>>> print(open('entry.cif').read())   # mmCIF, C-alpha atoms
data_final
#
loop_
_atom_site.label_atom_id
_atom_site.label_comp_id
_atom_site.auth_asym_id
_atom_site.auth_seq_id
_atom_site.Cartn_x
_atom_site.Cartn_y
_atom_site.Cartn_z
CA MET A 1 -11.86 18.26 -18.90
CA LEU A 2 -10.13 15.21 -17.45
CA ASN A 3 -7.86 17.53 -15.55
CA LYS A 4 -10.84 19.22 -13.93
CA PHE A 5 -12.45 15.90 -13.24
CA SER A 6 -9.38 14.51 -11.47
CA LYS A 7 -9.15 17.69 -9.39
CA CYS A 8 -12.77 17.21 -8.29
CA VAL A 9 -12.07 13.61 -7.34
CA ALA A 10 -8.98 14.71 -5.41
CA ILE A 11 -10.93 17.30 -3.48
CA LEU A 12 -13.79 14.91 -2.77
CA THR A 13 -11.53 12.12 -1.63
CA ILE A 14 -9.26 14.32 0.46
CA CYS A 15 -12.37 15.73 2.16
CA GLY A 16 -13.40 12.16 2.83
CA LEU A 17 -10.10 11.54 4.53
CA CYS A 18 -10.19 14.64 6.70
CA GLY A 19 -10.24 14.06 10.39
CA CYS A 20 -9.25 10.42 10.13
CA ALA A 21 -7.44 9.19 13.17
CA GLY A 22 -4.64 6.96 12.05
CA THR A 23 -4.58 4.09 14.49
CA LYS A 24 -4.11 0.45 13.60
CA GLU A 25 -7.39 -0.47 15.26
CA SER A 26 -9.35 2.08 13.26
CA LEU A 27 -7.72 0.69 10.12
CA ASN A 28 -8.99 -2.78 10.86
CA LYS A 29 -12.48 -1.68 11.72
CA GLN A 30 -13.35 0.27 8.63
CA PRO A 31 -16.94 -0.13 7.47
CA ASP A 32 -17.04 -1.89 4.10
CA GLU A 33 -19.94 0.15 2.95
CA VAL A 34 -21.51 3.18 4.60
CA SER A 35 -25.26 2.65 4.98
CA GLY A 36 -27.08 4.51 2.24
CA LEU A 37 -24.04 4.38 -0.01
CA GLU A 38 -25.00 1.00 -1.45
CA ASN A 39 -27.87 2.44 -3.49
CA TYR A 40 -25.53 5.00 -5.06
CA ASN A 41 -22.81 2.36 -5.57
CA ARG A 42 -25.16 -0.06 -7.30
CA ALA A 43 -26.53 2.70 -9.58
CA MET A 44 -23.01 3.84 -10.52
CA PHE A 45 -21.95 0.21 -11.00
CA THR A 46 -24.81 -0.30 -13.48
CA PHE A 47 -23.85 2.92 -15.28
CA ASN A 48 -20.19 1.85 -15.50
CA ASN A 49 -21.26 -1.53 -16.85
CA LYS A 50 -23.16 0.19 -19.64
CA VAL A 51 -20.07 2.26 -20.47
CA ASP A 52 -18.04 -0.96 -20.41
CA LYS A 53 -20.44 -2.71 -22.72
CA TYR A 54 -21.03 0.07 -25.25
CA VAL A 55 -17.75 1.99 -25.20
CA LEU A 56 -14.81 0.22 -23.57
CA ARG A 57 -15.45 -3.33 -24.79
CA PRO A 58 -15.89 -2.39 -28.48
CA ALA A 59 -12.81 -0.13 -28.25
CA ALA A 60 -10.78 -2.87 -26.55
CA LYS A 61 -11.95 -5.44 -29.12
CA GLY A 62 -10.86 -3.12 -31.93
CA TYR A 63 -7.54 -2.52 -30.20
CA LYS A 64 -7.02 -6.26 -29.75
CA ALA A 65 -7.82 -6.85 -33.43
CA VAL A 66 -5.09 -4.46 -34.59
CA THR A 67 -2.44 -5.47 -32.06
CA ASN A 68 -0.94 -8.77 -31.04
CA GLU A 69 0.23 -9.90 -27.62
CA TYR A 70 3.80 -8.84 -28.38
CA VAL A 71 2.73 -5.27 -29.12
CA ARG A 72 0.47 -5.11 -26.05
CA GLN A 73 3.34 -6.34 -23.88
CA ARG A 74 5.59 -3.54 -25.24
CA VAL A 75 2.87 -0.97 -24.51
CA SER A 76 2.45 -2.34 -21.00
CA ASN A 77 6.25 -2.32 -20.40
CA PHE A 78 6.49 1.27 -21.65
CA PHE A 79 3.87 2.55 -19.18
CA ASN A 80 5.23 0.44 -16.34
CA ASN A 81 8.62 2.04 -16.92
CA ILE A 82 7.19 5.57 -16.86
CA ASP A 83 5.66 4.72 -13.48
CA GLU A 84 8.97 3.55 -11.92
CA PRO A 85 9.88 7.06 -10.57
CA ILE A 86 6.43 7.20 -8.85
CA SER A 87 7.27 3.92 -7.11
CA ALA A 88 10.76 5.23 -6.25
CA VAL A 89 9.35 8.36 -4.55
CA ASN A 90 6.68 6.39 -2.69
CA HIS A 91 9.14 3.74 -1.50
CA LEU A 92 11.21 6.64 -0.12
CA LEU A 93 8.14 8.03 1.67
CA GLN A 94 7.51 4.56 3.10
CA GLY A 95 11.12 4.36 4.34
CA GLU A 96 11.96 1.51 1.95
CA PHE A 97 15.23 2.84 0.62
CA LEU A 98 16.47 -0.35 -1.05
CA ASN A 99 13.27 -0.74 -3.03
CA SER A 100 13.43 2.93 -3.98
CA GLY A 101 16.97 2.47 -5.30
CA ASN A 102 15.80 -0.63 -7.16
CA ASN A 103 13.04 1.40 -8.89
CA LEU A 104 15.54 4.06 -9.98
CA GLY A 105 17.98 1.39 -11.17
CA ARG A 106 15.23 -0.32 -13.16
CA PHE A 107 14.18 3.01 -14.67
CA ALA A 108 17.76 3.79 -15.75
CA VAL A 109 18.36 0.32 -17.24
CA ASN A 110 15.00 -0.04 -18.98
CA THR A 111 14.98 3.51 -20.38
CA THR A 112 18.42 3.01 -21.96
CA LEU A 113 19.08 -0.68 -22.64
CA GLY A 114 15.37 -1.47 -22.73
CA ILE A 115 14.76 1.16 -25.45
CA VAL A 116 12.57 3.76 -23.67
CA GLY A 117 11.08 1.03 -21.51
CA LEU A 118 9.72 -1.18 -24.28
CA PHE A 119 11.69 -4.13 -22.93
CA ASP A 120 12.04 -5.08 -19.28
CA VAL A 121 15.78 -5.79 -19.38
CA ALA A 122 16.18 -4.98 -15.67
CA SER A 123 14.15 -8.06 -14.62
CA SER A 124 16.51 -10.33 -16.52
CA PHE A 125 19.36 -8.70 -14.56
CA GLY A 126 17.64 -9.80 -11.34
CA MET A 127 16.19 -6.36 -10.53
CA GLU A 128 12.67 -7.44 -9.69
CA LYS A 129 9.70 -5.19 -10.21
CA HIS A 130 8.23 -3.73 -7.01
CA LYS A 131 5.44 -1.35 -7.81
CA THR A 132 3.97 0.98 -5.21
CA GLY A 133 2.02 4.21 -5.10
CA PHE A 134 0.66 6.94 -2.88
CA ASP A 135 -2.22 4.72 -1.71
CA GLU A 136 0.31 2.35 -0.12
CA THR A 137 2.24 5.29 1.30
CA LEU A 138 -0.94 6.53 2.99
CA ALA A 139 -1.55 3.01 4.34
CA SER A 140 1.98 2.92 5.76
CA TRP A 141 1.19 6.24 7.48
CA CYS A 142 -1.85 4.56 9.11
CA VAL A 143 -4.45 6.40 7.02
CA PRO A 144 -7.64 4.28 7.00
CA ASP A 145 -8.99 2.96 3.71
CA GLY A 146 -12.53 4.30 4.18
CA PRO A 147 -15.71 2.77 2.78
CA PHE A 148 -16.12 1.00 -0.53
CA ILE A 149 -17.20 3.36 -3.28
CA ILE A 150 -17.85 3.01 -7.01
CA LEU A 151 -16.38 5.94 -8.92
CA PRO A 152 -17.73 7.03 -12.31
CA ILE A 153 -15.86 5.18 -15.11
CA MET A 154 -12.96 4.23 -12.81
CA GLY A 155 -15.04 1.68 -10.89
CA PRO A 156 -14.37 0.11 -7.48
CA SER A 157 -12.39 2.28 -5.10
CA THR A 158 -12.09 3.66 -1.59
CA PRO A 159 -11.30 7.26 -0.56
CA ARG A 160 -7.68 6.28 0.11
CA ALA A 161 -7.29 4.37 -3.18
CA ALA A 162 -8.81 7.28 -5.15
CA THR A 163 -6.52 9.80 -3.43
CA GLY A 164 -3.55 7.59 -4.28
CA PHE A 165 -4.67 7.34 -7.90
CA VAL A 166 -4.98 11.13 -8.31
CA VAL A 167 -1.70 11.93 -6.54
CA ASP A 168 0.13 9.27 -8.60
CA GLY A 169 -1.34 10.84 -11.74
CA TYR A 170 0.02 14.27 -10.79
CA SER A 171 3.43 12.90 -9.84
CA SER A 172 3.85 10.96 -13.08
CA PRO A 173 6.83 12.07 -15.21
CA ALA A 174 4.50 12.05 -18.22
CA TYR A 175 2.28 14.66 -16.54
CA TRP A 176 5.26 16.86 -15.69
CA MET A 177 6.64 16.63 -19.21
CA ALA A 178 3.30 17.78 -20.61
CA GLN A 179 3.09 20.54 -17.98
CA GLU A 180 6.63 21.70 -18.73
CA SER A 181 6.07 21.88 -22.47
CA GLY A 182 2.72 23.61 -21.94
CA GLY A 183 1.62 23.28 -25.56
CA GLU A 184 -1.78 21.96 -26.59
CA ASP A 185 -0.09 19.19 -28.55
CA ALA A 186 1.77 18.04 -25.44
CA TRP A 187 -1.52 17.67 -23.54
CA LEU A 188 -3.07 15.87 -26.48
CA VAL A 189 -0.19 13.39 -26.44
CA TYR A 190 -0.50 13.05 -22.65
CA TYR A 191 -4.24 12.32 -22.73
CA SER A 192 -3.93 9.95 -25.70
CA ALA A 193 -1.15 8.10 -23.90
CA SER A 194 -3.23 7.88 -20.71
CA GLY A 195 -6.15 6.54 -22.75
CA LEU A 196 -3.90 3.96 -24.41
CA LYS A 197 -2.54 2.89 -21.02
CA TYR A 198 -6.02 2.04 -19.70
CA LEU A 199 -7.24 0.60 -22.99
CA ASN A 200 -4.27 -1.76 -23.01
CA LEU A 201 -4.97 -2.77 -19.41
CA TYR A 202 -8.66 -3.26 -20.15
CA ALA A 203 -7.96 -5.31 -23.29
CA GLU A 204 -5.67 -7.62 -21.34
CA ASN A 205 -8.29 -8.27 -18.65
CA MET A 206 -11.48 -8.10 -20.69
CA SER A 207 -12.11 -11.85 -21.02
CA MET A 208 -11.55 -12.35 -17.30
CA LEU A 209 -14.11 -9.63 -16.48
CA GLU A 210 -16.63 -11.15 -18.88
CA SER A 211 -16.23 -14.59 -17.34
CA LEU A 212 -16.51 -13.14 -13.84
CA GLU A 213 -19.78 -11.45 -14.70
CA GLU A 214 -21.14 -14.60 -16.30
CA GLY A 215 -20.22 -16.66 -13.24
CA SER A 216 -21.96 -14.37 -10.73
CA VAL A 217 -25.45 -14.22 -9.31
CA ASP A 218 -24.76 -10.72 -7.95
CA TYR A 219 -21.89 -9.21 -9.94
CA TYR A 220 -21.71 -6.06 -7.81
CA GLU A 221 -21.36 -8.04 -4.58
CA ALA A 222 -18.72 -10.33 -6.11
CA VAL A 223 -16.65 -7.38 -7.34
CA LYS A 224 -16.97 -5.62 -3.98
CA SER A 225 -15.93 -8.71 -2.04
CA MET A 226 -12.94 -9.42 -4.29
CA TYR A 227 -11.80 -5.80 -4.32
CA LEU A 228 -11.91 -5.47 -0.53
CA GLN A 229 -10.20 -8.81 0.09
CA ASN A 230 -7.44 -7.91 -2.35
CA ARG A 231 -6.87 -4.55 -0.64
CA LYS A 232 -6.11 -6.35 2.60
CA LYS A 233 -2.81 -7.30 0.96
CA ILE A 234 -1.56 -3.74 1.41
CA LYS A 235 0.86 -3.29 4.27
CA THR A 236 -0.63 -1.06 6.93
CA CYS A 237 1.35 0.84 9.57
CA GLY A 238 4.52 -1.02 8.70
CA GLU A 239 2.92 -4.46 9.08
CA GLU A 240 2.76 -7.15 6.44
CA HIS A 241 -0.68 -8.28 5.39
CA GLN A 242 -2.04 -11.35 7.08
CA GLU A 243 -0.43 -14.56 5.92
CA THR A 244 -3.86 -16.13 5.51
CA PRO A 245 -7.37 -14.68 5.49
CA ASP A 246 -8.79 -14.30 8.97
CA TYR A 247 -11.99 -16.28 8.45
CA ASP A 248 -12.24 -19.89 9.47
CA PHE A 249 -14.29 -22.73 8.11
CA ASP A 250 -16.08 -23.04 11.38
CA MET A 251 -19.72 -23.68 10.65
CA GLY A 252 -20.69 -22.27 14.04
CA ASP A 253 -19.35 -18.90 12.99
CA MET A 254 -21.85 -17.66 10.46
CA ASP A 255 -21.13 -13.96 10.42
CA GLU A 256 -20.55 -12.37 7.05
CA ASP A 257 -17.52 -10.27 7.79
CA TYR A 258 -15.16 -9.66 4.92
CA MET B 1 15.91 -29.33 35.61
CA LYS B 2 14.71 -32.74 34.46
CA LYS B 3 11.13 -31.70 35.12
CA ILE B 4 11.49 -28.59 33.00
CA LEU B 5 13.06 -30.62 30.22
CA LEU B 6 10.20 -33.12 30.37
CA LEU B 7 7.68 -30.29 30.29
CA VAL B 8 9.32 -28.70 27.27
CA LEU B 9 9.57 -32.08 25.55
CA SER B 10 5.91 -32.90 26.16
CA ALA B 11 4.89 -29.43 24.98
CA VAL B 12 6.87 -29.97 21.76
CA CYS B 13 5.29 -33.42 21.32
CA PHE B 14 1.83 -31.95 21.86
CA ALA B 15 2.46 -29.22 19.31
CA GLN B 16 3.70 -31.86 16.87
CA MET B 17 0.58 -33.93 17.49
CA ALA B 18 -1.69 -30.96 16.94
CA TYR B 19 -0.23 -30.36 13.50
CA ALA B 20 0.46 -33.99 12.69
CA ASP B 21 -3.12 -34.49 11.51
CA ILE B 22 -2.36 -33.26 8.02
CA ASP B 23 0.83 -34.03 6.18
CA GLY B 24 2.22 -30.99 4.35
CA ALA B 25 4.21 -33.11 1.91
CA LYS B 26 1.13 -35.15 0.98
CA ALA B 27 -1.01 -32.02 0.58
CA THR B 28 1.66 -30.44 -1.65
CA ALA B 29 1.92 -33.62 -3.73
CA MET B 30 -1.85 -33.64 -4.19
CA VAL B 31 -1.99 -30.02 -5.42
CA GLU B 32 1.11 -30.57 -7.55
CA ASN B 33 -0.52 -33.56 -9.20
CA LEU B 34 -3.74 -31.64 -9.81
CA THR B 35 -2.00 -28.67 -11.45
CA LYS B 36 0.18 -31.03 -13.52
CA GLU B 37 -2.80 -33.01 -14.75
CA GLY B 38 -4.77 -29.83 -15.40
CA ILE B 39 -1.98 -28.34 -17.52
CA GLU B 40 -1.25 -31.57 -19.41
CA LYS B 41 -4.76 -32.89 -19.95
CA ILE B 42 -6.64 -29.63 -20.42
CA ILE B 43 -4.59 -26.50 -21.05
CA ASN B 44 -1.87 -27.93 -23.30
CA SER B 45 -3.99 -30.73 -24.70
CA THR B 46 -5.12 -30.81 -28.32
CA SER B 47 -8.35 -32.71 -27.55
CA THR B 48 -11.79 -31.21 -28.25
CA GLN B 49 -13.41 -28.69 -25.90
CA GLU B 50 -16.03 -31.29 -24.96
CA GLU B 51 -13.36 -33.79 -23.90
CA LYS B 52 -11.50 -31.07 -22.01
CA ASN B 53 -14.69 -30.16 -20.13
CA LYS B 54 -15.18 -33.80 -19.18
CA VAL B 55 -11.65 -34.13 -17.80
CA PHE B 56 -12.03 -30.83 -16.00
CA LYS B 57 -15.28 -31.88 -14.35
CA GLN B 58 -13.67 -35.09 -13.15
CA LEU B 59 -10.56 -33.33 -11.77
CA PHE B 60 -12.64 -30.57 -10.22
CA THR B 61 -15.13 -32.81 -8.41
CA GLU B 62 -12.50 -35.34 -7.33
CA ASN B 63 -10.12 -32.85 -5.81
CA LEU B 64 -12.42 -30.18 -4.41
CA ASP B 65 -14.86 -30.89 -1.60
CA LEU B 66 -17.78 -29.01 -3.10
CA ASP B 67 -20.17 -30.29 -0.42
CA PHE B 68 -18.03 -28.63 2.22
CA ILE B 69 -17.55 -25.43 0.20
CA GLY B 70 -21.24 -25.25 -0.72
CA LYS B 71 -22.23 -25.47 2.93
CA TYR B 72 -19.79 -22.69 3.84
CA VAL B 73 -20.96 -20.54 0.94
CA LEU B 74 -24.60 -20.67 2.03
CA GLY B 75 -23.53 -19.25 5.41
CA ARG B 76 -26.25 -18.82 8.00
CA TYR B 77 -28.90 -19.78 5.44
CA TRP B 78 -27.66 -23.37 5.55
CA ARG B 79 -29.34 -23.80 8.93
CA THR B 80 -32.70 -22.45 7.78
CA SER B 81 -32.77 -24.36 4.47
CA THR B 82 -34.70 -27.59 4.06
CA ALA B 83 -32.84 -30.84 3.34
CA GLN B 84 -34.13 -30.73 -0.24
CA GLN B 85 -32.97 -27.12 -0.75
CA ARG B 86 -29.53 -28.00 0.64
CA LYS B 87 -29.15 -30.94 -1.71
CA GLU B 88 -30.30 -28.96 -4.73
CA PHE B 89 -28.03 -26.07 -3.85
CA ILE B 90 -24.96 -28.32 -3.63
CA ASP B 91 -25.82 -29.95 -6.98
CA LEU B 92 -26.42 -26.61 -8.70
CA TYR B 93 -23.31 -25.08 -7.14
CA LYS B 94 -21.18 -27.95 -8.47
CA GLU B 95 -22.61 -27.64 -11.98
CA PHE B 96 -22.34 -23.86 -12.03
CA ASN B 97 -18.70 -23.94 -10.91
CA VAL B 98 -17.71 -26.54 -13.47
CA GLN B 99 -19.46 -24.49 -16.18
CA THR B 100 -17.82 -21.22 -15.12
CA TRP B 101 -14.32 -22.56 -14.60
CA SER B 102 -14.11 -24.64 -17.74
CA LYS B 103 -14.39 -21.34 -19.65
CA ARG B 104 -11.36 -19.91 -17.90
CA PHE B 105 -8.77 -22.36 -19.28
CA ASP B 106 -7.26 -19.83 -21.64
CA GLU B 107 -6.22 -17.64 -18.72
CA PHE B 108 -3.75 -20.34 -17.67
CA LYS B 109 -2.19 -20.92 -21.09
CA GLY B 110 1.61 -20.98 -20.92
CA LYS B 111 1.58 -20.56 -17.12
CA LYS B 112 3.20 -22.81 -14.53
CA PHE B 113 2.87 -23.19 -10.78
CA VAL B 114 5.90 -22.74 -8.52
CA PHE B 115 5.54 -24.48 -5.14
CA ASN B 116 6.66 -22.46 -2.13
CA GLY B 117 5.99 -24.80 0.80
CA THR B 118 3.06 -24.89 3.20
CA GLY B 119 1.58 -22.67 5.90
CA SER B 120 -0.62 -23.18 8.94
CA ALA B 121 -4.37 -22.65 8.45
CA ASN B 122 -5.12 -22.26 12.18
CA ASN B 123 -6.82 -25.64 12.16
CA PRO B 124 -4.97 -28.92 12.77
CA ASN B 125 -6.59 -30.78 9.90
CA GLN B 126 -6.24 -27.95 7.39
CA ILE B 127 -3.15 -26.59 5.68
CA TYR B 128 -2.24 -24.00 3.04
CA VAL B 129 -0.19 -25.13 0.07
CA LYS B 130 1.55 -22.00 -1.20
CA THR B 131 2.18 -21.54 -4.90
CA SER B 132 2.94 -18.69 -7.25
CA VAL B 133 2.41 -18.23 -10.96
CA PRO B 134 5.13 -16.21 -12.73
CA VAL B 135 3.75 -13.69 -15.24
CA PRO B 136 5.71 -11.79 -17.88
CA ASP B 137 4.47 -8.42 -16.65
CA GLY B 138 5.17 -7.85 -12.98
CA GLN B 139 5.31 -9.78 -9.75
CA PRO B 140 4.20 -13.44 -9.70
CA ILE B 141 0.56 -14.13 -8.83
CA ASP B 142 0.18 -15.58 -5.36
CA VAL B 143 -2.10 -18.65 -5.23
CA LYS B 144 -2.83 -20.56 -2.00
CA TRP B 145 -4.72 -23.84 -1.80
CA ARG B 146 -6.54 -24.63 1.42
CA VAL B 147 -6.42 -28.40 1.84
CA TYR B 148 -8.12 -30.48 4.51
CA GLU B 149 -8.26 -34.13 5.41
CA HIS B 150 -11.61 -35.82 5.59
CA ASN B 151 -12.13 -39.55 6.07
CA GLY B 152 -8.47 -40.14 5.26
CA LYS B 153 -8.71 -38.26 1.95
CA LEU B 154 -7.18 -34.90 1.08
CA LYS B 155 -9.49 -32.35 -0.52
CA ILE B 156 -9.21 -28.71 -1.51
CA ILE B 157 -11.72 -26.46 0.26
CA ASP B 158 -10.60 -23.04 -0.97
CA ILE B 159 -8.33 -21.37 -3.51
CA ILE B 160 -6.97 -17.94 -2.59
CA ILE B 161 -5.66 -15.86 -5.48
CA GLU B 162 -3.87 -12.63 -4.52
CA ASN B 163 -5.57 -12.70 -1.12
CA VAL B 164 -9.01 -13.20 -2.71
CA SER B 165 -10.67 -16.33 -1.37
CA LEU B 166 -13.05 -17.94 -3.84
CA ALA B 167 -15.14 -19.47 -1.03
CA GLN B 168 -15.38 -16.19 0.87
CA THR B 169 -16.30 -14.26 -2.28
CA ALA B 170 -19.04 -16.75 -3.11
CA ARG B 171 -20.31 -16.61 0.47
CA ASN B 172 -20.49 -12.81 0.43
CA GLU B 173 -22.21 -12.84 -2.93
CA TYR B 174 -24.73 -15.63 -2.27
CA THR B 175 -25.74 -14.58 1.24
CA SER B 176 -26.25 -11.00 0.00
CA TYR B 177 -28.38 -12.31 -2.88
CA ILE B 178 -30.54 -14.41 -0.53
CA ALA B 179 -30.96 -11.48 1.90
CA LYS B 180 -32.24 -9.26 -0.92
CA SER B 181 -34.36 -11.85 -2.70
CA PRO B 182 -38.05 -11.87 -1.64
CA LYS B 183 -38.02 -15.66 -2.10
CA GLY B 184 -34.87 -16.14 0.01
CA VAL B 185 -32.95 -19.36 -0.68
CA GLU B 186 -35.53 -20.40 -3.28
CA GLY B 187 -34.76 -17.19 -5.20
CA LEU B 188 -31.07 -18.14 -5.35
CA LEU B 189 -31.90 -21.67 -6.51
CA GLU B 190 -34.10 -20.25 -9.30
CA ASN B 191 -31.30 -17.94 -10.42
CA LEU B 192 -28.74 -20.78 -10.48
CA ARG B 193 -31.14 -23.08 -12.37
CA SER B 194 -31.59 -20.41 -15.05
CA LYS B 195 -27.82 -20.00 -15.42
CA ILE B 196 -27.01 -23.66 -15.95
CA LYS B 197 -26.98 -24.59 -19.61
#
>>> encode(input="entry.cif", output="structure tokens")
Amino acid sequence: MLNKFSKCVAILTICGLCGCAGTKESLNKQPDEVSGLENYNRAMFTFNNKVDKYVLRPAAKGYKAVTNEYVRQRVSNFFNNIDEPISAVNHLLQGEFLNSGNNLGRFAVNTTLGIVGLFDVASSFGMEKHKTGFDETLASWCVPDGPFIILPIMGPSTPRAATGFVVDGYSSPAYWMAQESGGEDAWLVYYSASGLKYLNLYAENMSMLESLEEGSVDYYEAVKSMYLQNRKKIKTCGEEHQETPDYDFDMGDMDEDY
Amino acid sequence: MKKILLLVLSAVCFAQMAYADIDGAKATAMVENLTKEGIEKIINSTSTQEEKNKVFKQLFTENLDLDFIGKYVLGRYWRTSTAQQRKEFIDLYKEFNVQTWSKRFDEFKGKKFVFNGTGSANNPNQIYVKTSVPVPDGQPIDVKWRVYEHNGKLKIIDIIIENVSLAQTARNEYTSYIAKSPKGVEGLLENLRSKIK
């Protein structure tokens, strides 16, 4: 089911990317929200919030009750380690060979000395974590981000971010292991592990999300603004993100550009 | 040759003057002091939540120029608001921020700020104080403090966490709310009033 769903998202998002001209200017002038899309986005945002409230939050609360921070950190380390080869491949595609080597080194050290990735031994050896994915690879190839879109369950995204998410999912070693084994049990383990990965992530950030919602007059707009500002951190066409945001505290300039 | 040298020298002096308005070392010391006090008196303190909130409110209002931020946040609606609406907005905005942020203390438990120098903010009397917060899982969180000098005092006018500006986020959110509200600015004020406990 999830497999089919991710395929649909991949097709939709790749279609959204078709025909995009990859120039730096077009990257900087992406519309934040296509007119008419806001109504859909707000409706989907409300739906996702209901799922959050009635499904994810109770599940995350239960998960938090039966685990402590130490356990959640091990779970997080384990999944971060599985993702290292994805970062290695994408750093290669971005022409960042040293970082790619670093990812492979970290994977080797943490899988062995770090006991299947439960402990991040590599960081203590000075091999810093540098995560990347296909979304950043596309950005380095000058593929525009596209408009802001709320995806079912997954939440805030853009066509490029969603494409990156799906491609990373298919290139994960965990996916290939399940594919290779082919058995129903292997897929069950794969989907359970994927569920645990996101539950762990959600549990760790749940209180922050709650406080963000409480401190907003328009939660949707706050999430959209934060998400889009944060995405400007991604290096595009080989350039570093801006050192500082491009707005100025000039009261004469009252436009509302992000 | 002498003329060229003089020209270069005066250009250097001019550039120095342009950025001499705000002292990076002083701005860094101010942010350093704020984070130190915040960690000692609130996050690691054993005092009651009520006392912590009081200290937080004092630190928050003393070090942040909420009048300046509030004006920026209201965007183009600042011009069309009445003097009374402006005043009420600033008051409500202060209260709402103190209320929201005092609940986020736990997020900072066990964390420390590493100071990484300053950066230009494209304005001679503003500067960025760059810090990072190491986290056990992954790369450190990047936090920048936008500091400006007003009437000889240094104040924070924005905090940028992982490229997300709190002032810009609030401006996007509030101006969008006003644009959609049939009552305009008054609608926003009503919403804020109802949120303040």
>>> residues_around(input="entry.cif", residues="Ser165 of chain B", least_positions_apart="4", cutoff="9 Å", atoms="all atoms listed in the file", output="VMD selection string")
(chain A and resid 226 229 245) or (chain B and resid 144 158 to 161 169 to 170)
>>> interface_residues(input="entry.cif", of="chain B", to="chain A", cutoff="6 Å", atoms="all atoms listed in the file", output="list in words")
Gly75, Arg76, Thr100, Gly138, Asn163, Val164, Thr169 and Glu173 of chain B
>>> write_last_selection(input="entry.cif", atoms="C-alpha atoms", output="JSON list (two decimals), keeping the file's coordinate frame")
[["chain", "number", "residue", "atom", "x", "y", "z"],
["B", 75, "GLY", "CA", -23.53, -19.25, 5.41],
["B", 76, "ARG", "CA", -26.25, -18.82, 8.00],
["B", 100, "THR", "CA", -17.82, -21.22, -15.12],
["B", 138, "GLY", "CA", 5.17, -7.85, -12.98],
["B", 163, "ASN", "CA", -5.57, -12.70, -1.12],
["B", 164, "VAL", "CA", -9.01, -13.20, -2.71],
["B", 169, "THR", "CA", -16.30, -14.26, -2.28],
["B", 173, "GLU", "CA", -22.21, -12.84, -2.93]]
>>> resolve_selection(input="entry.cif", expression="the PyMOL selection byres ((chain B and resi 186-193) around 9)", output="list in words")
Val217 of chain A; Gln85, Glu88, Phe89, Leu92, Tyr93, Phe96, Tyr174, Tyr177, Ile178, Ser181, Pro182, Lys183, Gly184, Val185, Ser194, Lys195, Ile196 and Lys197 of chain B
>>> atom_distance(input="entry.cif", atom1="atom CA of Gly95 of chain A", atom2="atom CA of Gly164 of chain A")
17.3 Å
>>> residues_around(input="entry.cif", residues="Ser172 of chain A", least_positions_apart="6", cutoff="10 Å", atoms="all atoms listed in the file", output="count of residues only")
6
>>> resolve_selection(input="entry.cif", expression="the PyMOL selection byres ((chain A and resi 45) around 9)", output="compact mmCIF listing (two decimals) with C-alpha atoms, in the coordinates of the input")
# COMPACT_ATOMS: atom_id res chain seq x y z
CA TYR A 40 -25.53 5.00 -5.06
CA ASN A 41 -22.81 2.36 -5.57
CA ARG A 42 -25.16 -0.06 -7.30
CA ALA A 43 -26.53 2.70 -9.58
CA MET A 44 -23.01 3.84 -10.52
CA THR A 46 -24.81 -0.30 -13.48
CA PHE A 47 -23.85 2.92 -15.28
CA ASN A 48 -20.19 1.85 -15.50
CA ASN A 49 -21.26 -1.53 -16.85
CA LYS A 50 -23.16 0.19 -19.64
CA ILE A 150 -17.85 3.01 -7.01
CA LEU A 151 -16.38 5.94 -8.92
CA PRO A 152 -17.73 7.03 -12.31
CA ILE A 153 -15.86 5.18 -15.11
CA GLY A 155 -15.04 1.68 -10.89
CA PRO A 156 -14.37 0.11 -7.48
CA TYR A 220 -21.71 -6.06 -7.81
>>> closest_residue(input="entry.cif", among="A:Met206, A:Ala174, A:Met154, A:Ala162", to="Ala193 of chain A", atoms="all atoms listed in the file")
A:Ala174
>>> atom_distance(input="entry.cif", atom1="atom CA of Val73 of chain B", atom2="atom CA of Gln168 of chain B")
7.1 Å
>>> closest_residue(input="entry.cif", among="A:Leu188, A:Leu199, A:Ala178, A:Leu209", to="Thr67 of chain A", atoms="all atoms listed in the file")
A:Leu199
>>> resolve_selection(input="entry.cif", expression="the PyMOL selection byres ((chain A and resi 100) around 12)", output="tab-separated table (two decimals) with C-alpha atoms, keeping the file's coordinate frame")
chain	number	residue	atom	x	y	z
A	84	GLU	CA	8.97	3.55	-11.92
A	85	PRO	CA	9.88	7.06	-10.57
A	86	ILE	CA	6.43	7.20	-8.85
A	87	SER	CA	7.27	3.92	-7.11
A	88	ALA	CA	10.76	5.23	-6.25
A	89	VAL	CA	9.35	8.36	-4.55
A	90	ASN	CA	6.68	6.39	-2.69
A	91	HIS	CA	9.14	3.74	-1.50
A	92	LEU	CA	11.21	6.64	-0.12
A	93	LEU	CA	8.14	8.03	1.67
A	94	GLN	CA	7.51	4.56	3.10
A	95	GLY	CA	11.12	4.36	4.34
A	96	GLU	CA	11.96	1.51	1.95
A	97	PHE	CA	15.23	2.84	0.62
A	98	LEU	CA	16.47	-0.35	-1.05
A	99	ASN	CA	13.27	-0.74	-3.03
A	101	GLY	CA	16.97	2.47	-5.30
A	102	ASN	CA	15.80	-0.63	-7.16
A	103	ASN	CA	13.04	1.40	-8.89
A	104	LEU	CA	15.54	4.06	-9.98
A	105	GLY	CA	17.98	1.39	-11.17
A	106	ARG	CA	15.23	-0.32	-13.16
A	107	PHE	CA	14.18	3.01	-14.67
A	127	MET	CA	16.19	-6.36	-10.53
A	128	GLU	CA	12.67	-7.44	-9.69
A	129	LYS	CA	9.70	-5.19	-10.21
A	130	HIS	CA	8.23	-3.73	-7.01
A	131	LYS	CA	5.44	-1.35	-7.81
A	132	THR	CA	3.97	0.98	-5.21
A	133	GLY	CA	2.02	4.21	-5.10
